[in-house]
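Heads up: the structure comes next, in structure tokens.
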Amino acid sequence: MINHLITQKNWQTQLSEAITSVDELLGILKLESLRAEVYVPKHFELRVPRAFVAKMTVGDRNDPLLKQVLPDQREQIKVTGYVSDPLSEQTQNPVKGMLHKYQSRVLLTITGACAIHCRYCFRQHFDYSANMPTADAKENIINYIAAHPEINEVILSGGDPLNVTNRRLFAWLDTLESIPQLTTIRLHTRLPLVIPARLDDALLDRLSQSRCHIVMVIHCNHANEIDALTAEHLQRARTAGITLLNQAVLLAGINDSVEVQTRLSQRLFSAGVLPYYLHVLDKVAGAAHFDSDERSAVELYWSLLAALPGYLVPKLVRELPNRHFKVPVDVYSNA
């Protein structure tokens with residue numbers, strides 16, 4: 001159960017008090033013996049909010065939430081095919097701070113910061129300093145969108161777009177809502193899971209007043225990430241008229257079983273969230289130990305079709321460089 005002394009603090013205080021010390025994290029969980037197995041790269045250090053740590057089981061070295069965030073010696077192993085920019089994103093930004101990979105949608109990296117550092121993150125090597133949209137870049141983004149009438153949706157990403165202040169986020173919403181052709185604004189975020197208080201009244205009120213359809217895609221990989229408090233905040237977002245979807249990453253030893261995926265889909269649905277995508281791991285350098293072979297992924301998918309109603313089975317996809325859509329995994333050739 002989450003410590004109420006943590007959750008009573010506002011989200012910005014919780015963000016500032018996130019754990020960045022491996023020794024502190026292992027001490028809280030009484031897992032000091034794991035210290036020798038930890039490797040922390042300077043470019044991507046440990047970061048995890050205390051509210052998320054409070055969902056972990058003390059003394060369990062195999063806790064599925066811990067394994068997502070604890071730096072591992074295996075991150076040093078160089079594996080062929082696992083690269084720093086697996087999706088070639090840094091070649092697809094026609095305007096600083098904006099990626100245009102999908103025909104009708106553009107993605108804005110409005111921040112390089114996240115509340116949590118997930119060890120499998122495909123943007124852990126991304127050069128945010130060269131791709132952060134400045135105040136001047138907003139005009140360029142508006143002009144680019146206007147010159148491409150096929151664009152009707154903007155995805156706010158990062159980093160995590162909910163990592164920025166309400167003032168800054170609302171300024172982006174004002175800018176985007178002023179572009180007549182846009183009908184949908186989508187936010188991809190992990191904050192509602194790691195600091196549920198981020199879904200505060202001010203944010204939900206502003207999103208509910210948008211002239212655009214607001215879609216929030218949370219990144220939840222395991223049912224244990226959704227406790228009663230998290231579910232309550234997600235339901236409040238749904239009541240505010242926000243469409244809630246989930247995309248998960250298939251992670252070996254964490255959520256690659258039919259039992260775990262079934263519980264995840266059920267827990268999401270009870271919190272007002274529909275499963276959306278189950279991603280095969282992006283082949284980013286340092287994350288090979290999280291990968292699961294495609295045949296196992298396909299077998300898992302077929303098992304989920306038998307275990308769940310169709311609306312609770314996420315699409316099994318992978319993302320490939322220079323493809324203008326998520327690529328469905330061929331579930332027939334490997335069946």
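Naming works like this for the structure tokens: A, B, ... for the chains as they're shown, residue 1 at the start of each chain, ligands 1 onward in shown order.
Near stretch 16-32 of chain A, within 7 Å and counting only C-alpha atoms, sit Leu46, Arg47, Val48, Pro49, Arg50, Val58, Gly59 and Arg61 of chain A, not including residues fewer than 5 positions from it in the same chain.
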Would you list the contacts of A:Val69 as a PyMOL selection string, taking every protein, DNA or RNA residue within 8 Å and counting only C-alpha atoms, but skipping same-chain residues closer than 2 positions in sequence? chain A and resi 46-48+65-67+71+116-119
Got time to write the residues from that selection, C-alpha atoms, as an mmCIF file, in the first residue's frame?
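So the final result, stored in part_8.cif, reads:
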data_model
loop_
_atom_site.group_PDB
_atom_site.id
_atom_site.type_symbol
_atom_site.label_atom_id
_atom_site.label_comp_id
_atom_site.auth_asym_id
_atom_site.auth_seq_id
_atom_site.Cartn_x
_atom_site.Cartn_y
_atom_site.Cartn_z
ATOM 1 C CA LEU A 46 18.454 5.750 -11.721
ATOM 2 C CA ARG A 47 15.294 7.778 -11.217
ATOM 3 C CA VAL A 48 12.073 6.473 -9.653
ATOM 4 C CA LEU A 65 8.237 -3.003 -10.996
ATOM 5 C CA LEU A 66 11.751 -3.036 -9.568
ATOM 6 C CA LYS A 67 13.111 -4.920 -12.575
ATOM 7 C CA PRO A 71 20.070 -0.466 -13.533
ATOM 8 C CA ILE A 116 11.026 7.657 -14.027
ATOM 9 C CA HIS A 117 13.870 6.100 -15.971
ATOM 10 C CA CYS A 118 12.681 2.804 -17.414
ATOM 11 C CA ARG A 119 15.697 0.721 -18.344
#
With only C-alpha atoms counted and 12 Å as the cut-off, give the residues of stretch 103-214 of chain A in contact with stretch 315-329 of chain A, each with its shortest interatomic distance in Å and the pair that gives it, as CSV.
residue,atom,partner,partner_atom,distance
A:Gln103,CA,A:His324,CA,6.7
A:Ser104,CA,A:His324,CA,9.8
A:Arg105,CA,A:His324,CA,10.0
A:Val106,CA,A:His324,CA,11.2
A:Phe122,CA,A:Glu319,CA,10.6
Could you dump the residues just selected with all heavy atoms as an mmCIF file, in the first residue's frame?
data_model
loop_
_atom_site.group_PDB
_atom_site.id
_atom_site.type_symbol
_atom_site.label_atom_id
_atom_site.label_comp_id
_atom_site.auth_asym_id
_atom_site.auth_seq_id
_atom_site.Cartn_x
_atom_site.Cartn_y
_atom_site.Cartn_z
ATOM 1 N N GLN A 103 1.663 9.870 -41.296
ATOM 2 C CA GLN A 103 1.099 10.804 -42.273
ATOM 3 C C GLN A 103 0.223 11.887 -41.656
ATOM 4 O O GLN A 103 0.414 13.072 -41.928
ATOM 5 C CB GLN A 103 0.297 10.026 -43.315
ATOM 6 C CG GLN A 103 -0.329 10.921 -44.385
ATOM 7 C CD GLN A 103 -1.062 10.116 -45.448
ATOM 8 O OE1 GLN A 103 -0.857 8.923 -45.572
ATOM 9 N NE2 GLN A 103 -1.906 10.766 -46.215
ATOM 10 N N SER A 104 -0.735 11.500 -40.817
ATOM 11 C CA SER A 104 -1.703 12.465 -40.315
ATOM 12 C C SER A 104 -1.370 12.996 -38.933
ATOM 13 O O SER A 104 -2.160 13.744 -38.354
ATOM 14 C CB SER A 104 -3.101 11.822 -40.264
ATOM 15 O OG SER A 104 -3.111 10.734 -39.348
ATOM 16 N N ARG A 105 -0.174 12.635 -38.407
ATOM 17 C CA ARG A 105 0.163 12.983 -37.032
ATOM 18 C C ARG A 105 1.612 13.449 -36.941
ATOM 19 O O ARG A 105 2.462 12.921 -37.636
ATOM 20 C CB ARG A 105 -0.034 11.765 -36.111
ATOM 21 C CG ARG A 105 -1.418 11.177 -36.266
ATOM 22 C CD ARG A 105 -1.630 9.855 -35.580
ATOM 23 N NE ARG A 105 -0.840 8.728 -36.005
ATOM 24 C CZ ARG A 105 -0.995 8.074 -37.163
ATOM 25 N NH1 ARG A 105 -1.885 8.510 -38.051
ATOM 26 N NH2 ARG A 105 -0.267 7.017 -37.445
ATOM 27 N N VAL A 106 1.825 14.405 -36.065
ATOM 28 C CA VAL A 106 3.193 14.794 -35.727
ATOM 29 C C VAL A 106 3.380 14.635 -34.232
ATOM 30 O O VAL A 106 2.414 14.675 -33.455
ATOM 31 C CB VAL A 106 3.531 16.244 -36.156
ATOM 32 C CG1 VAL A 106 3.545 16.374 -37.659
ATOM 33 C CG2 VAL A 106 2.570 17.241 -35.525
ATOM 34 N N PHE A 122 13.401 3.406 -25.284
ATOM 35 C CA PHE A 122 14.018 3.473 -26.613
ATOM 36 C C PHE A 122 14.599 4.853 -26.897
ATOM 37 O O PHE A 122 15.340 5.027 -27.872
ATOM 38 C CB PHE A 122 13.006 3.085 -27.704
ATOM 39 C CG PHE A 122 11.921 4.104 -27.956
ATOM 40 C CD1 PHE A 122 12.046 5.042 -28.963
ATOM 41 C CD2 PHE A 122 10.767 4.117 -27.185
ATOM 42 C CE1 PHE A 122 11.053 5.980 -29.206
ATOM 43 C CE2 PHE A 122 9.763 5.044 -27.418
ATOM 44 C CZ PHE A 122 9.906 5.977 -28.432
#
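Using only C-alpha atoms, the shortest contact distance between A:Asp227 and any of A:Ala51, A:Val313, A:Val95, A:Val38 is found at A:Ala51.
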Let's see if you can do this: from backbone DSSP, list all alpha helix (DSSP H) residues in stretch 61-268 of chain A, as a VMD selection string. chain A and resid 66 to 69 135 to 146 166 to 177 191 to 194 201 to 208 228 to 239 258 to 268
For A:Asn152: contacts at 12 Å, only C-alpha atoms, fewer than 6 positions along chain excluded, given as number ranges by chain: A: 102-107, 145-146, 176-177, 179-186, 212-213
Distance criterion (only C-alpha atoms): nearest to A:Lys9 out of A:Asp256, A:Asp200, A:Asp85, A:Asp63: A:Asp200
Spatial neighbours of A:Ser333, 12 Å, only C-alpha atoms, chain gap at least 4 places, as a ChimeraX atom specification: /A:294-295,298-299,329
Residues from the last selection, N, CA, C and O atoms, saved as an mmCIF file, in the first residue's frame:
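Result saved to again_23.cif:
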data_model
loop_
_atom_site.group_PDB
_atom_site.id
_atom_site.type_symbol
_atom_site.label_atom_id
_atom_site.label_comp_id
_atom_site.auth_asym_id
_atom_site.auth_seq_id
_atom_site.Cartn_x
_atom_site.Cartn_y
_atom_site.Cartn_z
ATOM 1 N N GLU A 294 10.173 -13.441 -31.046
ATOM 2 C CA GLU A 294 8.893 -13.160 -31.696
ATOM 3 C C GLU A 294 7.940 -14.354 -31.627
ATOM 4 O O GLU A 294 6.726 -14.171 -31.468
ATOM 5 N N ARG A 295 8.446 -15.566 -31.724
ATOM 6 C CA ARG A 295 7.569 -16.733 -31.654
ATOM 7 C C ARG A 295 6.846 -16.787 -30.305
ATOM 8 O O ARG A 295 5.653 -17.062 -30.254
ATOM 9 N N VAL A 298 4.072 -14.217 -30.267
ATOM 10 C CA VAL A 298 2.899 -14.654 -31.033
ATOM 11 C C VAL A 298 2.095 -15.695 -30.246
ATOM 12 O O VAL A 298 0.859 -15.638 -30.198
ATOM 13 N N GLU A 299 2.783 -16.629 -29.612
ATOM 14 C CA GLU A 299 2.083 -17.621 -28.791
ATOM 15 C C GLU A 299 1.320 -16.950 -27.654
ATOM 16 O O GLU A 299 0.186 -17.327 -27.331
ATOM 17 N N VAL A 329 2.700 -7.425 -35.865
ATOM 18 C CA VAL A 329 3.478 -8.664 -35.904
ATOM 19 C C VAL A 329 2.656 -9.703 -36.638
ATOM 20 O O VAL A 329 1.438 -9.837 -36.402
#
Residues at most 10 Å from stretch 75-78 of chain A, counting only C-alpha atoms, excluding those fewer than 5 positions away in the same chain, as a list in words? Val38, Tyr39, Val40, Pro41, Val83, Arg119, Tyr120, Ala285, Gly286, Ala287, Ala288 and His289 of chain A
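In this structure, atom CA of A:Val217 sits 21.5 Å away from atom CA of A:Val284.
If you measure from each of A:Leu312, A:Asp60, A:Val258, A:Glu225 to A:Ser33 using only C-alpha atoms, the closest one turns out to be A:Asp60.
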Give me, as an MDAnalysis selection string, the residues of stretch 73-320 of chain A that a backbone DSSP run labels strand (DSSP E or B). chainID A and resid 83 95 98:102 105:109 153:157 184:189 213:218 243:249 274:279 284 315:318
Interatomic distance, atom CA of A:Leu187 to atom CA of A:His222 (Å, one decimal):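 Taking atom CA of A:Leu187 as the start and atom CA of A:His222 as the end point, the length is 20.0 Å.
Note that the spacing between atom CA of A:Asn143 and atom CA of A:Asp160 amounts to 24.3 Å.
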So that I can check the surroundings of A:Phe290, please list as a VMD selection string every protein, DNA and RNA residue that reaches within 8 Å of it, counting only C-alpha atoms and ignoring chain neighbours fewer than 4 positions away. chain A and resid 120 251 to 253 281
